[in-house]
Amino acid sequence: MQSKLRPLFTLLFLCAIFSLNVSKVYAGFGVSPAKIVEDNLIRGSILERTLYFVQGMPDRDLDVKIEVDDSPIKSWIKIEPSGNFVIPKGVQQFPVTVTVTVPKDAELGIYTGFVRAVGAPMLDPLRKEGESHVSIAIGARAELSLTVGKGILYRYAIRDIDLKNILQTQNPIADVNIENQGNVPAGPSEASFELFNKFGDVRLAYVQGVKMELVKPFAVQSVAVEFPITLATLSVGEYWGTVKLYNDKGEVVREFKDVFNVKEATFLDIYGRYILIIISIIIVLIILRFVLKRRRRKSS
Amino acid sequence: MQNILKGDRLVQVVLMLAGLFAFATVFAADNVTTSVTVGNATPSLTVTFNGGNAITLNESTFSYASATVTITDGNGCNTINFVTATAFLASTSALAGTPCTENDNSCYPTSSTTASGIPAALSDTLCLATTTGNQCTGAGDTSVQYDCGFKFWFIAEATAAGSPTWATSIWTVAATTSDGSATTTASNTTQNVEISSLAATVVDATLAFGTLSANSNTGTTNSTTTATTTGNIAMDVTLSGTDMTGAGTIDVSRQKYSTAQFNYVSAGTMLTNTTTPTVELASDEPTATTSLPASPIYWGIAIEAGQANGAYTGTNTFTAQAN
């Protein structure tokens, strides 16, 4: 029997011919930043960062799977979005929020974790149906390098200050972009504002002692600071403003001078909210009337 | 007596004439020509770059970032006739007016803006008067904002924490303006703007294992894929794959790879369906967009005895990561 089958096997072996090809793939994929380093975590710290998965030529919807690699700190890391989703065609930088929560009973030490995204393989237009091939999928992996220690770190950086253009009905507003680099709430505690004319040589108003919210540990936050000036309204035009930020000792930590514009407020800008309130009241009254009528009809 | 009266009149006439002379002299003073020369006021400027935020690059291509330059000139903003800016890799503090030569790794000068007009093709790397911020409204207006655009290529040096070479450095913008008489340069000294690291790759390969019969392997004949670095840092990869399916199944472990040519029988690393240890590539950080580091990865495969003939398909995954 065995001898009868041998030629058949030999024939099968000879016929078992494989043509295996890997398709040509041109689409690239990457992650930025490739490394998130945080050396000042303490037990209970929450660290939030944004990773961008990037494509140079996003010429198709891309099915992507994103996940946290197995590691001792996998349970500390949450990503949003996660799992399978689609990066729409045309999107070059897709943001993913990574939140690391250090447990309150975490051992002090240095930890490493990874977040990985892999795109679906690209179809090779030159490949014929039924042809053997190995498709190539491209992914990218970001490393999280985390140190959990004991010391308190109070440190922040003021990334940017922007004096907003405002309407006549508004007070001057500064957007202050603060990065808390420490592990406790931090930031400037107070702000002052000097208003100057369009030439920057005549002071028109001064506001001081405006309290500022502290920024959460490891967070980057834009804090809007409104300066209630005593002038009834500013006339339309260009003004200079000087913003000073102070620490809790009253020392100036940043001074910023820039131009901003006051624009004419439209009728809706001035009275819009009152109109909205009135319309809301009228709608409520109409509904009440309708309900009451219905009840009367039912009772009669 | 008459003589005395005559003398009084004479005195009166003299006094009247003196009064008239004094009056005429006073009025004549109003006609004195006055003159003053208004000197040129040197323009001053403040610079903010990308809102103080880190810049994220796009793999294998460019991304834009901008700086806002606010210029003040006591003679009026309409005297400003020249604005230019340069974004450059700086030391740990921003430096004003640091000259550098255009280089996609570390130096991005904008073209000069002049009143003579701007070629449209260059408008993305120029300093242009803002259309949304503080505009120059003419005589009496002393300040104006310009927006300067920078086209950052994917090889621009990474400076953010954890970057391999320049983690203690920052990117700075130095802007220069002129009103035709005086020139001023300033930079964004109060900001620390970083470029984030980007680990990225393009795998551009057609891998043909060729024709294989059952119970054979590729031996010393390797197929090749090439992983090209398309980010701003040197990268490594992790590799994984799926079983190849068709008339039957070819287990993923039948594939082997190596960064050097190898004999399937005696060398190579078996591919698995989970992430393998990092494959250390020999690629360096890219220094030019025209010549990117490319790392070959060599492949081999074995077909078991009894494997059914036919077409087989599978997927291999290349995952880029920082070196």
# chains A, B, ... in the order shown; residues from 1 in each chain; ligands from 1
$ residues_around --residues "Gln170 in chain A" --least-positions-apart "3" --cutoff "9 Å" --atoms "only C-alpha atoms" --output "list in words"
Ile166, Leu167, Ile173, Pro228, Thr233, Leu234 and Val262 of chain A
$ interface_residues --of "chain B" --to "chain A" --cutoff "7 Å" --atoms "only C-alpha atoms" --output "PyMOL selection string"
chain B and resi 51-53+56+58-61+134+142+161-162+191-192+196-214+306-322
$ select_by_dssp --residues "range 151-298 of chain B" --states "strand (DSSP E)" --output "PyMOL selection string"
chain B and resi 151-153+170-178+183-187+199-203+207-213+216-217+223-229+235-241+244-246+249-250+255-258+269-270+294-298
$ select_by_dssp --residues "range 12-110 of chain A" --states "helix (DSSP H, G or I)" --output "NGL selection string"
:A and (12-15 or 74-76)
$ residues_around --residues "Gly187 in chain A" --least-positions-apart "3" --cutoff "9 Å" --atoms "only C-alpha atoms" --output "JSON list (two decimals) with C-alpha atoms, in the first residue's frame"
[["chain", "number", "residue", "atom", "x", "y", "z"],
["A", 154, "TYR", "CA", 6.36, 72.58, 41.77],
["A", 155, "ARG", "CA", 7.26, 73.77, 38.29],
["A", 156, "TYR", "CA", 5.37, 75.34, 35.44],
["A", 157, "ALA", "CA", 6.04, 77.12, 32.18],
["A", 158, "ILE", "CA", 4.00, 79.86, 30.59],
["A", 178, "ILE", "CA", 0.36, 77.15, 30.98],
["A", 179, "GLU", "CA", 2.18, 73.84, 31.14],
["A", 180, "ASN", "CA", 2.36, 72.39, 34.62],
["A", 212, "MET", "CA", -5.98, 82.80, 38.43],
["A", 213, "GLU", "CA", -6.81, 79.11, 38.68],
["A", 214, "LEU", "CA", -3.94, 76.74, 39.22],
["A", 215, "VAL", "CA", -3.29, 74.12, 36.54],
["A", 216, "LYS", "CA", -3.55, 70.40, 37.31],
["A", 247, "ASN", "CA", 3.48, 84.10, 41.69]]
$ atom_distance --atom1 "CA of Val279 in chain B" --atom2 "CA of Val96 in chain A"
25.6 Å
$ residues_around --residues "Asn103 in chain B" --least-positions-apart "4" --cutoff "9 Å" --atoms "only C-alpha atoms" --output "number ranges by chain"
B: 107-109, 156, 288
$ write_last_selection --atoms "C-alpha atoms" --output "PDB file, in the first residue's frame"
ATOM      1  CA  CYS B 107      17.181  76.315   9.789  1.00  0.00           C
ATOM      2  CA  TYR B 108      14.063  77.665   8.046  1.00  0.00           C
ATOM      3  CA  PRO B 109      14.318  81.256   6.813  1.00  0.00           C
ATOM      4  CA  ALA B 156      13.503  68.861  11.297  1.00  0.00           C
ATOM      5  CA  ALA B 288      18.233  65.253   3.875  1.00  0.00           C
TER       6      ALA B 288
END
